[in-house]
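Shown next: input-v3.cif, containing mmCIF, C-alpha atoms.
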data_start
#
loop_
_atom_site.label_atom_id
_atom_site.label_comp_id
_atom_site.auth_asym_id
_atom_site.auth_seq_id
_atom_site.Cartn_x
_atom_site.Cartn_y
_atom_site.Cartn_z
CA MET A 1 146.39 163.16 19.83
CA SER A 2 145.84 160.97 22.87
CA ALA A 3 144.58 162.55 26.08
CA LEU A 4 147.31 163.74 28.43
CA ASN A 5 147.31 161.89 31.76
CA LEU A 6 149.86 163.28 34.22
CA ASP A 7 149.31 160.31 36.55
CA ASP A 8 151.29 158.19 34.10
CA PHE A 9 154.50 159.92 35.17
CA ALA A 10 154.22 158.55 38.70
CA HIS A 11 154.49 155.05 37.23
CA LEU A 12 157.06 155.81 34.53
CA ILE A 13 159.61 157.60 36.72
CA GLU A 14 161.99 155.41 38.70
CA ARG A 15 164.61 156.57 41.15
CA PRO A 16 168.30 156.55 40.15
CA ASP A 17 169.73 153.07 40.68
CA GLY A 18 170.23 152.53 44.43
CA GLY A 19 172.47 149.50 43.93
CA VAL A 20 174.78 151.45 41.64
CA ARG A 21 174.88 154.28 44.16
CA ARG A 22 176.01 151.85 46.88
CA ASP A 23 178.71 150.56 44.52
CA ALA A 24 179.82 154.14 43.95
CA GLU A 25 179.96 154.74 47.70
CA GLU A 26 182.09 151.61 48.17
CA ARG A 27 184.43 152.71 45.40
CA ARG A 28 184.68 156.17 46.96
CA ALA A 29 185.78 154.60 50.23
CA ARG A 30 188.75 153.05 48.39
CA LEU A 31 189.99 156.25 46.74
CA ALA A 32 193.35 157.68 47.77
CA VAL A 33 191.67 160.91 48.93
CA PRO A 34 190.17 160.35 52.41
CA PRO A 35 186.35 160.09 52.67
CA GLY A 36 184.79 163.45 53.40
CA ALA A 37 187.76 165.43 52.10
CA LEU A 38 185.88 166.39 48.94
CA GLY A 39 182.69 167.44 50.75
CA ARG A 40 179.55 167.49 48.60
CA LEU A 41 181.55 166.48 45.53
CA ASP A 42 181.40 162.91 46.79
CA GLU A 43 177.60 163.08 46.98
CA LEU A 44 177.38 164.58 43.49
CA GLY A 45 179.61 161.90 42.00
CA GLU A 46 177.52 159.14 43.55
CA TRP A 47 174.30 160.81 42.34
CA LEU A 48 175.61 160.93 38.79
CA ALA A 49 176.79 157.31 38.94
CA ALA A 50 173.31 156.21 40.01
CA ALA A 51 171.74 158.30 37.22
CA GLN A 52 174.12 156.82 34.64
CA GLN A 53 173.85 153.31 36.13
CA GLN A 54 177.62 153.05 35.90
CA VAL A 55 180.62 152.81 38.26
CA PRO A 56 182.98 154.50 37.86
CA VAL A 57 180.89 157.44 36.70
CA ARG A 58 181.42 158.83 33.20
CA PRO A 59 182.69 162.42 33.01
CA VAL A 60 180.05 165.00 32.01
CA GLU A 61 181.01 165.69 28.40
CA ARG A 62 177.78 166.78 26.69
CA PRO A 63 176.01 169.26 28.97
CA ARG A 64 173.29 171.50 27.56
CA ALA A 65 171.70 174.67 28.92
CA VAL A 66 168.00 174.77 27.97
CA LEU A 67 166.22 178.09 28.50
CA PHE A 68 162.43 178.28 28.15
CA ALA A 69 161.20 181.73 27.14
CA GLY A 70 157.87 183.53 27.52
CA ASP A 71 156.22 186.83 28.39
CA HIS A 72 153.59 187.12 31.13
CA GLY A 73 150.59 189.44 31.00
CA VAL A 74 150.91 190.22 34.71
CA ALA A 75 154.02 192.26 33.86
CA GLU A 76 151.62 194.99 32.67
CA LEU A 77 151.03 195.82 36.34
CA GLY A 78 154.61 196.99 36.82
CA VAL A 79 155.73 193.99 38.88
CA SER A 80 159.10 193.76 37.13
CA ALA A 81 162.00 196.13 36.62
CA ARG A 82 161.97 195.15 32.95
CA PRO A 83 159.26 196.45 30.60
CA ALA A 84 156.28 194.22 29.84
CA GLY A 85 156.88 192.24 26.69
CA GLY A 86 160.65 192.59 27.01
CA THR A 87 161.55 188.90 26.79
CA ARG A 88 162.46 189.24 23.10
CA ASP A 89 165.45 191.38 24.08
CA LEU A 90 166.56 188.76 26.62
CA VAL A 91 166.36 186.06 23.95
CA ARG A 92 168.32 188.16 21.46
CA ALA A 93 171.09 188.77 24.02
CA VAL A 94 171.42 185.03 24.60
CA LEU A 95 171.47 184.26 20.89
CA ASP A 96 174.00 187.04 20.26
CA GLY A 97 176.27 185.62 22.96
CA SER A 98 176.22 188.79 25.08
CA SER A 99 174.18 187.60 28.08
CA PRO A 100 175.65 186.19 31.33
CA ALA A 101 174.23 182.77 30.48
CA ALA A 102 175.86 182.77 27.06
CA VAL A 103 179.25 183.73 28.51
CA LEU A 104 179.11 181.07 31.23
CA ALA A 105 177.86 178.38 28.84
CA ARG A 106 180.83 179.04 26.54
CA ARG A 107 183.26 178.80 29.45
CA ALA A 108 181.73 175.56 30.72
CA GLY A 109 181.63 173.96 27.27
CA ALA A 110 177.84 173.69 27.34
CA GLN A 111 175.73 174.15 24.25
CA LEU A 112 172.87 176.60 24.79
CA ARG A 113 169.32 176.22 23.52
CA VAL A 114 166.42 178.69 23.72
CA VAL A 115 162.83 177.43 23.42
CA ASP A 116 160.19 180.10 22.79
CA LEU A 117 156.79 179.19 24.24
CA ALA A 118 155.16 182.60 24.61
CA VAL A 119 157.47 185.46 23.68
CA ASP A 120 155.40 188.54 22.81
CA CYS A 121 156.83 189.32 19.39
CA ALA A 122 156.23 188.29 15.80
CA PRO A 123 157.67 184.80 15.18
CA GLU A 124 159.80 186.04 12.29
CA GLU A 125 161.77 188.27 14.71
CA LEU A 126 163.46 185.16 16.13
CA PRO A 127 165.06 182.11 14.47
CA GLU A 128 162.70 179.33 13.44
CA ASP A 129 164.46 176.73 15.59
CA VAL A 130 163.71 178.95 18.62
CA THR A 131 160.01 179.58 17.85
CA ARG A 132 158.90 176.19 16.53
CA HIS A 133 157.35 175.20 19.89
CA ARG A 134 155.56 178.52 20.47
CA VAL A 135 152.04 178.19 21.89
CA ARG A 136 150.93 181.85 21.94
CA ARG A 137 152.17 185.45 22.17
CA GLY A 138 152.40 186.14 25.89
CA SER A 139 150.53 184.33 28.66
CA GLY A 140 147.38 185.81 30.22
CA ARG A 141 147.28 188.22 33.15
CA ILE A 142 146.95 185.74 36.01
CA ASP A 143 145.44 188.13 38.56
CA ILE A 144 142.23 188.43 36.50
CA GLU A 145 142.32 185.70 33.83
CA ASP A 146 143.80 182.31 33.06
CA ALA A 147 147.34 182.23 31.75
CA LEU A 148 146.38 179.62 29.14
CA THR A 149 143.42 177.74 27.77
CA ALA A 150 143.27 174.02 28.52
CA GLU A 151 144.36 173.27 24.95
CA GLU A 152 147.30 175.67 25.16
CA ALA A 153 148.40 174.18 28.49
CA GLU A 154 148.43 170.68 27.01
CA ALA A 155 150.33 171.91 23.95
CA ALA A 156 152.94 173.64 26.14
CA PHE A 157 153.34 170.60 28.39
CA ARG A 158 153.79 168.34 25.37
CA ALA A 159 156.34 170.77 23.95
CA GLY A 160 158.36 170.44 27.15
CA THR A 161 158.30 166.65 27.02
CA ALA A 162 159.28 166.75 23.33
CA VAL A 163 162.31 168.93 24.11
CA ALA A 164 163.34 166.51 26.88
CA ASP A 165 163.12 163.62 24.41
CA GLU A 166 165.15 165.55 21.84
CA GLU A 167 167.90 166.21 24.36
CA ALA A 168 168.00 162.60 25.57
CA ASP A 169 168.08 161.30 22.01
CA ALA A 170 170.91 163.70 21.16
CA GLY A 171 173.07 162.27 23.95
CA THR A 172 172.86 165.21 26.37
CA ASP A 173 174.23 163.85 29.65
CA LEU A 174 173.31 166.80 31.93
CA VAL A 175 170.85 169.67 31.52
CA VAL A 176 171.09 173.13 33.02
CA LEU A 177 167.51 174.41 33.17
CA GLY A 178 166.67 178.12 33.10
CA ASP A 179 164.10 180.65 31.93
CA LEU A 180 163.92 183.88 29.97
CA SER A 181 160.85 185.84 31.01
CA VAL A 182 159.37 189.13 32.16
CA GLY A 183 156.78 188.52 34.89
CA GLY A 184 157.84 184.89 35.29
CA THR A 185 158.85 185.22 38.94
CA THR A 186 155.34 186.51 39.75
CA ALA A 187 153.74 183.42 38.21
CA ALA A 188 156.33 181.17 39.87
CA SER A 189 155.75 182.72 43.29
CA THR A 190 152.01 182.23 42.88
CA LEU A 191 152.50 178.52 42.17
CA ILE A 192 154.77 178.13 45.17
CA ALA A 193 152.43 179.98 47.53
CA ALA A 194 149.47 177.92 46.31
CA LEU A 195 151.24 174.56 46.69
CA CYS A 196 152.85 175.44 50.03
CA GLY A 197 149.71 177.01 51.49
CA THR A 198 151.37 180.33 52.32
CA ASP A 199 150.45 183.98 51.92
CA ALA A 200 151.71 186.09 49.03
CA SER A 201 154.01 188.18 51.24
CA VAL A 202 155.94 185.05 52.26
CA VAL A 203 157.04 184.25 48.70
CA THR A 204 157.22 187.68 47.02
CA GLY A 205 160.80 188.58 46.12
CA ARG A 206 162.47 191.37 44.21
CA GLY A 207 162.83 189.49 40.92
CA GLY A 208 165.77 189.06 38.56
CA ALA A 209 166.29 192.81 38.07
CA PRO A 210 165.57 194.08 41.61
CA ILE A 211 162.41 196.17 42.03
CA ASP A 212 161.69 199.01 44.45
CA ASP A 213 159.25 198.91 47.35
CA LEU A 214 156.26 200.18 45.35
CA ALA A 215 156.78 197.57 42.64
CA TRP A 216 157.17 194.91 45.36
CA MET A 217 153.77 195.90 46.79
CA ARG A 218 152.20 195.70 43.32
CA LYS A 219 153.77 192.29 42.83
CA CYS A 220 152.55 191.08 46.21
CA ALA A 221 149.00 192.26 45.43
CA ALA A 222 149.07 190.55 42.02
CA ILE A 223 150.21 187.27 43.60
CA ARG A 224 147.48 187.56 46.25
CA ASP A 225 144.82 188.06 43.57
CA ALA A 226 146.20 185.19 41.51
CA LEU A 227 146.20 182.94 44.58
CA ARG A 228 142.43 183.32 44.91
CA ARG A 229 142.14 181.90 41.40
CA ALA A 230 144.73 179.16 41.99
CA ARG A 231 143.40 177.58 45.18
CA PRO A 232 140.23 176.05 43.68
CA VAL A 233 142.29 174.08 41.10
CA LEU A 234 145.08 172.76 43.32
CA GLY A 235 144.01 169.16 42.75
CA ASP A 236 144.81 169.28 39.01
CA GLN A 237 148.39 170.30 38.28
CA LEU A 238 147.86 170.94 34.56
CA GLU A 239 144.83 173.11 35.29
CA LEU A 240 146.85 174.94 37.95
CA LEU A 241 149.56 175.71 35.37
CA ALA A 242 146.92 176.88 32.89
CA THR A 243 145.31 179.12 35.52
CA VAL A 244 148.34 180.88 37.05
CA GLY A 245 151.46 179.45 35.38
CA GLY A 246 152.04 180.25 31.74
CA ALA A 247 153.28 178.50 28.63
CA ASP A 248 156.96 178.60 29.57
CA LEU A 249 156.40 177.31 33.11
CA THR A 250 154.06 174.59 31.85
CA ALA A 251 156.65 173.45 29.31
CA MET A 252 159.40 173.47 31.97
CA THR A 253 157.26 171.23 34.17
CA GLY A 254 156.75 168.79 31.32
CA PHE A 255 160.47 168.95 30.55
CA LEU A 256 161.43 168.09 34.14
CA LEU A 257 159.07 165.13 34.29
CA GLN A 258 160.07 163.69 30.92
CA SER A 259 163.77 164.20 31.70
CA ALA A 260 163.25 162.04 34.79
CA VAL A 261 161.53 159.42 32.63
CA ARG A 262 164.53 159.48 30.26
CA ARG A 263 167.01 159.37 33.18
CA THR A 264 168.55 162.74 32.32
CA PRO A 265 169.91 164.62 35.36
CA VAL A 266 169.03 168.32 35.63
CA ILE A 267 170.51 171.33 37.47
CA LEU A 268 167.79 173.77 38.55
CA ASP A 269 168.38 177.52 38.49
CA GLY A 270 166.23 180.05 40.33
CA VAL A 271 162.69 180.56 41.57
CA VAL A 272 161.03 179.78 38.21
CA SER A 273 162.63 176.36 37.79
CA ALA A 274 162.06 175.69 41.50
CA ALA A 275 158.33 176.41 41.07
CA CYS A 276 158.12 174.05 38.10
CA ALA A 277 160.00 171.40 40.09
CA LEU A 278 157.49 171.78 42.92
CA VAL A 279 154.58 171.23 40.53
CA ALA A 280 156.38 168.24 38.98
CA GLN A 281 156.94 166.75 42.42
CA ARG A 282 153.20 166.85 43.03
CA VAL A 283 152.77 164.84 39.82
CA ALA A 284 155.52 162.26 40.48
CA PHE A 285 157.13 162.09 43.92
CA ARG A 286 160.26 160.28 42.68
CA ALA A 287 161.10 162.93 40.07
CA PRO A 288 163.19 165.22 42.37
CA ASP A 289 165.80 162.46 42.72
CA TRP A 290 166.91 163.42 39.19
CA TRP A 291 167.56 167.08 40.01
CA VAL A 292 170.03 169.17 41.97
CA ALA A 293 169.56 172.83 42.91
CA GLY A 294 172.37 174.89 41.42
CA GLN A 295 172.23 177.94 43.64
CA ALA A 296 170.30 179.90 46.25
CA SER A 297 169.17 183.12 44.58
CA GLY A 298 167.87 184.79 47.73
CA GLU A 299 164.29 184.71 46.42
CA PRO A 300 162.01 183.66 49.33
CA GLY A 301 159.81 181.63 46.99
CA GLN A 302 162.76 179.59 45.78
CA ALA A 303 163.84 178.82 49.34
CA LYS A 304 160.30 177.73 50.20
CA ALA A 305 160.04 175.44 47.16
CA LEU A 306 163.46 173.84 47.59
CA ASP A 307 162.74 173.19 51.26
CA ARG A 308 159.51 171.42 50.28
CA ILE A 309 161.32 169.35 47.64
CA ALA A 310 164.25 168.68 50.04
CA LEU A 311 166.94 170.01 47.71
CA ASN A 312 169.96 171.83 49.14
CA PRO A 313 171.53 174.38 46.74
CA LEU A 314 175.13 173.75 45.71
CA LEU A 315 176.07 177.44 45.73
CA ASP A 316 174.91 180.53 47.60
CA HIS A 317 176.09 183.61 45.71
CA GLY A 318 172.75 185.45 45.55
CA VAL A 319 172.73 185.48 41.74
CA THR A 320 169.37 186.83 40.57
CA ALA A 321 170.15 187.31 36.87
CA GLY A 322 167.97 184.36 35.81
CA GLU A 323 168.59 182.80 32.40
CA GLY A 324 170.08 179.71 34.07
CA THR A 325 173.05 181.82 35.23
CA GLY A 326 173.15 180.44 38.78
CA ALA A 327 172.81 176.86 37.58
CA LEU A 328 175.56 177.42 35.00
CA LEU A 329 177.84 178.56 37.82
CA ALA A 330 177.19 175.20 39.48
CA LEU A 331 177.86 173.20 36.31
CA PRO A 332 181.67 173.15 36.70
CA LEU A 333 181.16 171.87 40.24
CA VAL A 334 179.13 168.92 38.98
CA GLN A 335 181.64 168.31 36.19
CA ALA A 336 184.44 168.35 38.75
CA ALA A 337 182.61 165.82 40.92
CA ALA A 338 182.24 163.45 37.98
CA ALA A 339 185.86 163.86 36.91
CA LEU A 340 187.20 163.23 40.41
CA ALA A 341 185.00 160.16 40.92
CA ALA A 342 186.07 158.78 37.53
CA GLU A 343 189.77 159.56 37.53
CA LEU A 344 191.13 159.50 41.08
CA PRO A 345 193.18 156.34 41.72
CA VAL A 346 191.79 153.54 43.86
CA ARG A 347 193.91 152.12 46.68
CA ASP A 348 195.00 148.49 46.32
#
Spit out the file's structure as structure tokens when you get a sec.
Amino acid sequence: MSALNLDDFAHLIERPDGGVRRDAEERRARLAVPPGALGRLDELGEWLAAAQQQVPVRPVERPRAVLFAGDHGVAELGVSARPAGGTRDLVRAVLDGSSPAAVLARRAGAQLRVVDLAVDCAPEELPEDVTRHRVRRGSGRIDIEDALTAEEAEAAFRAGTAVADEEADAGTDLVVLGDLSVGGTTAASTLIAALCGTDASVVTGRGGAPIDDLAWMRKCAAIRDALRRARPVLGDQLELLATVGGADLTAMTGFLLQSAVRRTPVILDGVVSAACALVAQRVAFRAPDWWVAGQASGEPGQAKALDRIALNPLLDHGVTAGEGTGALLALPLVQAAAALAAELPVRD
């Protein structure tokens, strides 16, 4: 296996085609519907045209929701409303079709894929196609130890890039990115605080299943302790992910970067995907041009990360369920933008 060099992504990732975007803007000006009447749908249609390198834009016909799953050792501190090691139940609900993400994916016509990187259960408890990229059972407790070894971090990152390649090769034309985790928002908030140079209290939210004040204080203390371990490794993004991220977050970062290499547009979900996007931006500054933020979850860490990346959420419904739920709510909006840009008549 060749050594992993994240600097390569800065050279491999190009921005969506600016010339095609200008052509899309000119075509939009000639549509029967007046300019500006469709609001941000115009912007979304032009973004997709530039990503596809095609005017008029193709309708989004093969979307896929990809959910990266993993448990986090920091959940042992009572920082989440869900029990530590409870990600297996979240995965089962998605696979059984009973979770919010599964319901919304069905309604939007999006296939749904779960990728287990660090779920804390025996592999045979989940389908083999879910567990084949697993790196370990649960990531380390980031307030006192590294989430991953260097070897595990590289394996998780490569797993994320492999999944991105699989989706691109399968013809996926838009990805909805989400996570299934217990303790994941604590790791994500630590990454955001470290990269934005803020204190733990600024980024500590209530999580997907809202926590009470005592749990919030425990979460804030855990993030503050993890920050002391994160700051010395800020110059190396893979080491940062190994120190305070986790296998699922590391894989999501690799997925985002490789999706940009493969010119696959992505809708981000909540604070976890926003944290991974922030790390990926530090690796390759052009990568965020391939992403849109699906929704504002109300998590302060997410708002901080999206502001740093300069992404404005499409929706603001305060959905904190995780699992890609907020991004799946935004999927029909993106599909509508593509359909309108492709099918509205052009004035003579």
Residues within 8 Å of stretch 39-46 of chain A, all atoms listed in the file, excluding chain neighbours under 2 positions, as a PDB file with C-alpha atoms, keeping the file's coordinate frame:
ATOM      1  CA  ARG A  21     174.880 154.280  44.160  1.00  0.00           C
ATOM      2  CA  ALA A  24     179.820 154.140  43.950  1.00  0.00           C
ATOM      3  CA  GLU A  25     179.960 154.740  47.700  1.00  0.00           C
ATOM      4  CA  ARG A  28     184.680 156.170  46.960  1.00  0.00           C
ATOM      5  CA  GLY A  36     184.790 163.450  53.400  1.00  0.00           C
ATOM      6  CA  ALA A  37     187.760 165.430  52.100  1.00  0.00           C
ATOM      7  CA  LEU A  48     175.610 160.930  38.790  1.00  0.00           C
ATOM      8  CA  ALA A  49     176.790 157.310  38.940  1.00  0.00           C
ATOM      9  CA  ALA A  50     173.310 156.210  40.010  1.00  0.00           C
ATOM     10  CA  VAL A  57     180.890 157.440  36.700  1.00  0.00           C
ATOM     11  CA  LEU A 333     181.160 171.870  40.240  1.00  0.00           C
ATOM     12  CA  VAL A 334     179.130 168.920  38.980  1.00  0.00           C
ATOM     13  CA  ALA A 336     184.440 168.350  38.750  1.00  0.00           C
ATOM     14  CA  ALA A 337     182.610 165.820  40.920  1.00  0.00           C
ATOM     15  CA  ALA A 338     182.240 163.450  37.980  1.00  0.00           C
ATOM     16  CA  LEU A 340     187.200 163.230  40.410  1.00  0.00           C
ATOM     17  CA  ALA A 341     185.000 160.160  40.920  1.00  0.00           C
TER      18      ALA A 341
END
So that I can check the surroundings of A:Asp8, please list as a PyMOL selection string every protein, DNA and RNA residue that reaches within 12 Å of it, counting only C-alpha atoms and ignoring chain neighbours fewer than 2 positions away. chain A and resi 3-6+10-14+257-258+261+283-284
Quote the spacing between atom CA of A:Asp307 and atom CA of A:Asp269 in Å to one decimal place.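 The value is 14.6 Å.
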From A:Asp212, A:Glu343, A:Asp199, A:Asp120, residue lying nearest A:Ala32 [all atoms listed in the file]: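 So, comparing all the options, the nearest one is A:Glu343.
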Neighbouring residues of A:Leu227 were defined as those with any atom within 12 Å, considering all atoms listed in the file; residues of the same chain fewer than 4 positions away were excluded. Please report them as a PyMOL selection string. chain A and resi 142-146+186-201+203+220-223+231-234+240+243-245
Considering all atoms listed in the file, return as a PyMOL selection string whatever protein or nucleic-acid residues lie within 6 Å of stretch 110-115 of chain A, sequence-local ones (same chain, fewer than 3 positions apart) excluded. chain A and resi 63-69+105+130
Which polymer residues have any atom within 10 Å of an atom of stretch 309-320 of chain A, counting all atoms listed in the file, with same-chain residues fewer than 3 positions away left out, as a ChimeraX atom specification? /A:40-41,44,206-210,267-271,274,277-279,281-282,285,287-289,291-299,303-306,323-327,329-331,333-334
Let me see the file: selected residues, C-alpha atoms, as a CSV table (one decimal), keeping the file's coordinate frame.
chain,number,residue,atom,x,y,z
A,40,ARG,CA,179.6,167.5,48.6
A,41,LEU,CA,181.6,166.5,45.5
A,44,LEU,CA,177.4,164.6,43.5
A,206,ARG,CA,162.5,191.4,44.2
A,207,GLY,CA,162.8,189.5,40.9
A,208,GLY,CA,165.8,189.1,38.6
A,209,ALA,CA,166.3,192.8,38.1
A,210,PRO,CA,165.6,194.1,41.6
A,267,ILE,CA,170.5,171.3,37.5
A,268,LEU,CA,167.8,173.8,38.6
A,269,ASP,CA,168.4,177.5,38.5
A,270,GLY,CA,166.2,180.0,40.3
A,271,VAL,CA,162.7,180.6,41.6
A,274,ALA,CA,162.1,175.7,41.5
A,277,ALA,CA,160.0,171.4,40.1
A,278,LEU,CA,157.5,171.8,42.9
A,279,VAL,CA,154.6,171.2,40.5
A,281,GLN,CA,156.9,166.8,42.4
A,282,ARG,CA,153.2,166.8,43.0
A,285,PHE,CA,157.1,162.1,43.9
A,287,ALA,CA,161.1,162.9,40.1
A,288,PRO,CA,163.2,165.2,42.4
A,289,ASP,CA,165.8,162.5,42.7
A,291,TRP,CA,167.6,167.1,40.0
A,292,VAL,CA,170.0,169.2,42.0
A,293,ALA,CA,169.6,172.8,42.9
A,294,GLY,CA,172.4,174.9,41.4
A,295,GLN,CA,172.2,177.9,43.6
A,296,ALA,CA,170.3,179.9,46.2
A,297,SER,CA,169.2,183.1,44.6
A,298,GLY,CA,167.9,184.8,47.7
A,299,GLU,CA,164.3,184.7,46.4
A,303,ALA,CA,163.8,178.8,49.3
A,304,LYS,CA,160.3,177.7,50.2
A,305,ALA,CA,160.0,175.4,47.2
A,306,LEU,CA,163.5,173.8,47.6
A,323,GLU,CA,168.6,182.8,32.4
A,324,GLY,CA,170.1,179.7,34.1
A,325,THR,CA,173.0,181.8,35.2
A,326,GLY,CA,173.2,180.4,38.8
A,327,ALA,CA,172.8,176.9,37.6
A,329,LEU,CA,177.8,178.6,37.8
A,330,ALA,CA,177.2,175.2,39.5
A,331,LEU,CA,177.9,173.2,36.3
A,333,LEU,CA,181.2,171.9,40.2
A,334,VAL,CA,179.1,168.9,39.0
Using Å and a single decimal, report how far atom CA of A:Ser273 sits from atom CA of A:Thr253.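 Interatomic distance, atom CA of A:Thr253 to atom CA of A:Ser273: 8.3 Å.
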With stretch 52-55 of chain A as the partner and 12 Å as the cut-off, tabulate the residues of stretch 197-275 of chain A that qualify, each row holding the nearest pair of atoms and their distance in Å to one decimal, using only C-alpha atoms, sorted by chain and rising number, as a Markdown table.
| residue | atom | partner | partner_atom | distance |
| --- | --- | --- | --- | --- |
| A:Arg262 | CA | A:Gln52 | CA | 10.9 |
| A:Arg263 | CA | A:Gln52 | CA | 7.7 |
| A:Thr264 | CA | A:Gln52 | CA | 8.5 |
| A:Pro265 | CA | A:Gln52 | CA | 8.9 |
Correct to one decimal, the distance atom CA of A:Glu151-atom CA of A:Asp169 is 26.7 Å
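Residue nearest A:Leu328, chosen from A:Arg228, A:Arg141, A:Arg62, A:Arg106 and counting all atoms listed in the file: A:Arg106.
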What does the PyMOL selection byres ((chain A and resi 161) around 8) select in this file, as a PyMOL selection string? chain A and resi 157-160+162-165+251+254-259
Let me know the residues the PyMOL selection byres ((chain A and resi 78-88) around 6) catches in the file above, as an NGL selection string. :A and (71 or 75-77 or 89-91 or 120 or 181-182 or 209 or 211 or 215 or 218-219)
Rank A:Val346, A:Leu238, A:Val103, A:Ala280 by their smallest atom-to-atom distance to A:Glu152, using all atoms listed in the file, and report the top residue only.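 Result for the nearest residue to A:Glu152: A:Leu238.
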Produce the centre coordinates and the three edge lengths, each in Å to one decimal, of the box along x, y and z that contains all listed atoms of stretch 87-100 of chain A with 5 Å added on each side, as JSON.
{"center_x": 168.9, "center_y": 187.8, "center_z": 25.8, "size_x": 24.7, "size_y": 17.1, "size_z": 21.1}
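Picked out by the PyMOL selection byres ((chain A and resi 248) around 7) when it runs on this file: Phe68, Ala69, Gly70, Leu117, Ala118, Gly246, Ala247, Leu249, Thr250, Ala251 and Met252 of chain A.
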